[in-house]
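What follows is coords_14.pdb (PDB, C-alpha atoms).
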```pdb
ATOM      1  CA  MET A   1      15.324   4.372   4.926  1.00  0.00           C
ATOM      2  CA  LEU A   2      14.165   1.187   6.577  1.00  0.00           C
ATOM      3  CA  SER A   3      15.847  -0.293   9.620  1.00  0.00           C
ATOM      4  CA  PRO A   4      16.994  -3.913   9.500  1.00  0.00           C
ATOM      5  CA  LYS A   5      14.137  -4.808  11.872  1.00  0.00           C
ATOM      6  CA  GLU A   6      11.594  -3.128   9.587  1.00  0.00           C
ATOM      7  CA  ARG A   7      13.052  -5.064   6.665  1.00  0.00           C
ATOM      8  CA  ASN A   8      12.533  -8.248   8.669  1.00  0.00           C
ATOM      9  CA  VAL A   9       8.851  -7.394   9.083  1.00  0.00           C
ATOM     10  CA  PHE A  10       8.537  -6.770   5.352  1.00  0.00           C
ATOM     11  CA  ALA A  11      10.177 -10.173   4.786  1.00  0.00           C
ATOM     12  CA  ILE A  12       7.256 -11.750   6.645  1.00  0.00           C
ATOM     13  CA  PHE A  13       4.767  -9.978   4.372  1.00  0.00           C
ATOM     14  CA  ARG A  14       6.818 -11.006   1.333  1.00  0.00           C
ATOM     15  CA  GLN A  15       6.871 -14.640   2.513  1.00  0.00           C
ATOM     16  CA  TYR A  16       3.063 -14.651   2.357  1.00  0.00           C
ATOM     17  CA  LEU A  17       2.985 -12.748  -0.955  1.00  0.00           C
ATOM     18  CA  ALA A  18       0.976 -10.002   0.741  1.00  0.00           C
ATOM     19  CA  THR A  19      -0.406  -7.172  -1.347  1.00  0.00           C
ATOM     20  CA  PRO A  20      -2.125  -3.959  -0.179  1.00  0.00           C
ATOM     21  CA  GLY A  21      -5.203  -4.649   1.903  1.00  0.00           C
ATOM     22  CA  HIS A  22      -4.520  -8.353   2.496  1.00  0.00           C
ATOM     23  CA  MET A  23      -4.097  -9.197   6.168  1.00  0.00           C
ATOM     24  CA  VAL A  24      -1.201 -11.186   7.577  1.00  0.00           C
ATOM     25  CA  CYS A  25      -1.744 -12.650  11.049  1.00  0.00           C
ATOM     26  CA  LEU A  26       1.163 -12.845  13.454  1.00  0.00           C
ATOM     27  CA  ASP A  27       1.145 -14.901  16.623  1.00  0.00           C
ATOM     28  CA  VAL A  28       1.759 -13.274  19.999  1.00  0.00           C
ATOM     29  CA  ALA A  29       5.447 -14.200  20.007  1.00  0.00           C
ATOM     30  CA  MET A  30       6.014 -12.609  16.578  1.00  0.00           C
ATOM     31  CA  VAL A  31       4.174  -9.436  17.587  1.00  0.00           C
ATOM     32  CA  GLN A  32       6.325  -9.159  20.719  1.00  0.00           C
ATOM     33  CA  LYS A  33       9.529  -9.849  18.796  1.00  0.00           C
ATOM     34  CA  HIS A  34       8.756  -7.204  16.152  1.00  0.00           C
ATOM     35  CA  LYS A  35       6.713  -4.691  18.189  1.00  0.00           C
ATOM     36  CA  VAL A  36       9.138  -1.775  17.752  1.00  0.00           C
ATOM     37  CA  ALA A  37       9.408  -2.309  13.990  1.00  0.00           C
ATOM     38  CA  LEU A  38       5.637  -2.807  13.669  1.00  0.00           C
ATOM     39  CA  ARG A  39       5.003   0.446  15.538  1.00  0.00           C
ATOM     40  CA  GLY A  40       7.469   2.286  13.299  1.00  0.00           C
ATOM     41  CA  LEU A  41       5.873   0.946  10.122  1.00  0.00           C
ATOM     42  CA  ILE A  42       2.415   1.890  11.417  1.00  0.00           C
ATOM     43  CA  GLU A  43       3.594   5.426  12.238  1.00  0.00           C
ATOM     44  CA  ARG A  44       5.007   5.751   8.718  1.00  0.00           C
ATOM     45  CA  ARG A  45       1.700   4.417   7.339  1.00  0.00           C
ATOM     46  CA  PHE A  46       3.336   1.445   5.647  1.00  0.00           C
ATOM     47  CA  ILE A  47       1.152  -1.054   7.489  1.00  0.00           C
ATOM     48  CA  LEU A  48      -2.185  -0.947   9.280  1.00  0.00           C
ATOM     49  CA  LYS A  49      -3.085  -2.676  12.537  1.00  0.00           C
ATOM     50  CA  GLU A  50      -6.273  -4.638  11.937  1.00  0.00           C
ATOM     51  CA  ARG A  51      -9.024  -5.270  14.498  1.00  0.00           C
ATOM     52  CA  PHE A  52      -8.267  -9.002  14.338  1.00  0.00           C
ATOM     53  CA  GLU A  53      -5.717  -9.896  17.041  1.00  0.00           C
ATOM     54  CA  GLY A  54      -2.238 -10.018  15.495  1.00  0.00           C
ATOM     55  CA  GLY A  55      -3.543  -8.872  12.118  1.00  0.00           C
ATOM     56  CA  TYR A  56      -1.630  -6.360  10.002  1.00  0.00           C
ATOM     57  CA  SER A  57      -2.013  -5.334   6.379  1.00  0.00           C
ATOM     58  CA  LEU A  58       0.147  -3.448   3.919  1.00  0.00           C
ATOM     59  CA  THR A  59      -0.845  -0.056   2.588  1.00  0.00           C
ATOM     60  CA  LYS A  60      -0.060   0.900  -0.999  1.00  0.00           C
ATOM     61  CA  ALA A  61       2.887   2.946   0.279  1.00  0.00           C
ATOM     62  CA  GLY A  62       4.054  -0.019   2.361  1.00  0.00           C
ATOM     63  CA  PHE A  63       3.818  -2.348  -0.614  1.00  0.00           C
ATOM     64  CA  ALA A  64       5.938   0.063  -2.662  1.00  0.00           C
ATOM     65  CA  ALA A  65       8.482   0.407   0.173  1.00  0.00           C
ATOM     66  CA  MET A  66       8.639  -3.371   0.595  1.00  0.00           C
ATOM     67  CA  ASN A  67       9.323  -3.862  -3.104  1.00  0.00           C
ATOM     68  CA  ALA A  68      11.877  -1.027  -3.162  1.00  0.00           C
ATOM     69  CA  CYS A  69      13.848  -2.514  -0.267  1.00  0.00           C
ATOM     70  CA  ASP A  70      13.712  -5.907  -1.965  1.00  0.00           C
ATOM     71  CA  GLU A  71      15.281  -4.379  -5.094  1.00  0.00           C
ATOM     72  CA  GLU A  72      17.986  -2.640  -3.035  1.00  0.00           C
ATOM     73  CA  GLY A  73      19.133  -6.001  -1.733  1.00  0.00           C
TER      74      GLY A  73
END
```
What's the structure tokens form of this structure?
Amino acid sequence: MLSPKERNVFAIFRQYLATPGHMVCLDVAMVQKHKVALRGLIERRFILKERFEGGYSLTKAGFAAMNACDEEG
């Protein structure tokens, strides 16, 4: 089950039509705003923190979870 904040992070990935392995770059303010949700999604292996500052990418499991929560409404 995804928290509302985790769903908000997935909405950012969805906005950029992100697929597994494609990096989305967040500015410092967005990282700070979503840091708890980002950490939770990393721990669940739904996203990966990239070496590039503010860069995150979806895993295959994260892509599936993002699409599943989109279907749930």
Discussion item. Can you spell out as a count of residues only the set of residues that the PyMOL selection byres ((chain A and resi 2) around 12) selects in the structure I just provided?
Written reply: 23
Worksheet entry | Contacts of Thr19 (chain A) within 9 Å, all atoms listed in the file, excl. fewer than 5 positions in-chain, as a ChimeraX atom specification | /A:13-14,57-60,63
Practice prompt. Evaluate the PyMOL selection byres ((chain A and resi 56) around 7) and record the selected residues as a PyMOL selection string, following the chain and residue labels used in the document.
Written response: chain A and resi 23-25+47-50+54-55+57-58
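We find CA of His22 (chain A) and CA of Arg39 (chain A) to be spaced 18.4 Å apart.
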Add whatever atoms are absent from region 3-14 of chain A to reach all heavy atoms, and provide the output as a CSV table (one decimal), keeping the file's coordinate frame.
```csv
chain,number,residue,atom,x,y,z
A,3,SER,N,14.9,0.4,8.7
A,3,SER,CA,15.8,-0.3,9.6
A,3,SER,C,15.9,-1.8,9.3
A,3,SER,O,15.0,-2.3,8.6
A,3,SER,CB,15.4,-0.1,11.1
A,3,SER,OG,14.3,-0.9,11.3
A,4,PRO,N,16.9,-2.5,9.7
A,4,PRO,CA,17.0,-3.9,9.5
A,4,PRO,C,15.8,-4.6,10.1
A,4,PRO,O,15.3,-5.6,9.5
A,4,PRO,CB,18.3,-4.3,10.2
A,4,PRO,CG,19.1,-3.1,10.1
A,4,PRO,CD,18.2,-2.0,10.3
A,5,LYS,N,15.3,-4.2,11.2
A,5,LYS,CA,14.1,-4.8,11.9
A,5,LYS,C,12.9,-4.6,11.0
A,5,LYS,O,12.0,-5.5,10.9
A,5,LYS,CB,14.0,-4.3,13.3
A,5,LYS,CG,15.1,-4.8,14.2
A,5,LYS,CD,14.9,-4.4,15.6
A,5,LYS,CE,16.1,-4.9,16.4
A,5,LYS,NZ,15.8,-4.9,17.9
A,6,GLU,N,12.7,-3.4,10.5
A,6,GLU,CA,11.6,-3.1,9.6
A,6,GLU,C,11.7,-4.0,8.3
A,6,GLU,O,10.7,-4.5,7.9
A,6,GLU,CB,11.5,-1.6,9.2
A,6,GLU,CG,11.1,-0.8,10.4
A,6,GLU,CD,11.3,0.7,10.2
A,6,GLU,OE1,12.1,1.1,9.3
A,6,GLU,OE2,10.5,1.5,10.8
A,7,ARG,N,12.9,-4.2,7.8
A,7,ARG,CA,13.1,-5.1,6.7
A,7,ARG,C,12.6,-6.5,7.0
A,7,ARG,O,12.1,-7.2,6.2
A,7,ARG,CB,14.5,-5.0,6.2
A,7,ARG,CG,14.9,-3.8,5.5
A,7,ARG,CD,16.4,-3.8,5.1
A,7,ARG,NE,16.8,-2.5,4.5
A,7,ARG,CZ,16.9,-2.4,3.2
A,7,ARG,NH1,16.8,-3.5,2.4
A,7,ARG,NH2,17.3,-1.3,2.7
A,8,ASN,N,12.9,-6.9,8.2
A,8,ASN,CA,12.5,-8.2,8.7
A,8,ASN,C,11.0,-8.4,8.7
A,8,ASN,O,10.5,-9.5,8.3
A,8,ASN,CB,13.1,-8.6,10.1
A,8,ASN,CG,14.6,-8.8,10.0
A,8,ASN,OD1,15.2,-9.1,9.0
A,8,ASN,ND2,15.2,-8.6,11.2
A,9,VAL,N,10.3,-7.4,9.1
A,9,VAL,CA,8.9,-7.4,9.1
A,9,VAL,C,8.4,-7.5,7.6
A,9,VAL,O,7.5,-8.3,7.3
A,9,VAL,CB,8.2,-6.2,9.8
A,9,VAL,CG1,6.7,-6.1,9.6
A,9,VAL,CG2,8.6,-6.2,11.3
A,10,PHE,N,8.9,-6.7,6.8
A,10,PHE,CA,8.5,-6.8,5.4
A,10,PHE,C,8.8,-8.2,4.8
A,10,PHE,O,8.1,-8.6,3.9
A,10,PHE,CB,9.2,-5.7,4.5
A,10,PHE,CG,8.5,-4.4,4.5
A,10,PHE,CD1,9.3,-3.2,4.4
A,10,PHE,CD2,7.2,-4.3,4.7
A,10,PHE,CE1,8.6,-2.0,4.4
A,10,PHE,CE2,6.5,-3.0,4.7
A,10,PHE,CZ,7.3,-1.9,4.5
A,11,ALA,N,9.9,-8.8,5.3
A,11,ALA,CA,10.2,-10.2,4.8
A,11,ALA,C,9.0,-11.1,5.1
A,11,ALA,O,8.7,-12.1,4.4
A,11,ALA,CB,11.5,-10.7,5.4
A,12,ILE,N,8.4,-10.9,6.3
A,12,ILE,CA,7.3,-11.8,6.6
A,12,ILE,C,6.1,-11.5,5.7
A,12,ILE,O,5.5,-12.5,5.2
A,12,ILE,CB,6.8,-11.4,8.1
A,12,ILE,CG1,7.9,-11.8,9.1
A,12,ILE,CG2,5.5,-12.2,8.4
A,12,ILE,CD1,7.7,-11.2,10.5
A,13,PHE,N,5.8,-10.3,5.3
A,13,PHE,CA,4.8,-10.0,4.4
A,13,PHE,C,5.1,-10.6,3.0
A,13,PHE,O,4.3,-11.1,2.3
A,13,PHE,CB,4.5,-8.5,4.3
A,13,PHE,CG,3.7,-7.9,5.4
A,13,PHE,CD1,4.3,-7.5,6.5
A,13,PHE,CD2,2.4,-7.8,5.3
A,13,PHE,CE1,3.6,-6.9,7.6
A,13,PHE,CE2,1.6,-7.3,6.3
A,13,PHE,CZ,2.2,-6.8,7.5
A,14,ARG,N,6.4,-10.5,2.6
A,14,ARG,CA,6.8,-11.0,1.3
A,14,ARG,C,6.7,-12.5,1.3
A,14,ARG,O,6.3,-13.1,0.3
A,14,ARG,CB,8.3,-10.6,1.1
A,14,ARG,CG,8.7,-10.7,-0.3
A,14,ARG,CD,10.1,-10.2,-0.6
A,14,ARG,NE,10.3,-8.8,-0.2
A,14,ARG,CZ,11.0,-8.4,0.9
A,14,ARG,NH1,11.6,-9.2,1.7
A,14,ARG,NH2,11.0,-7.1,1.1
```
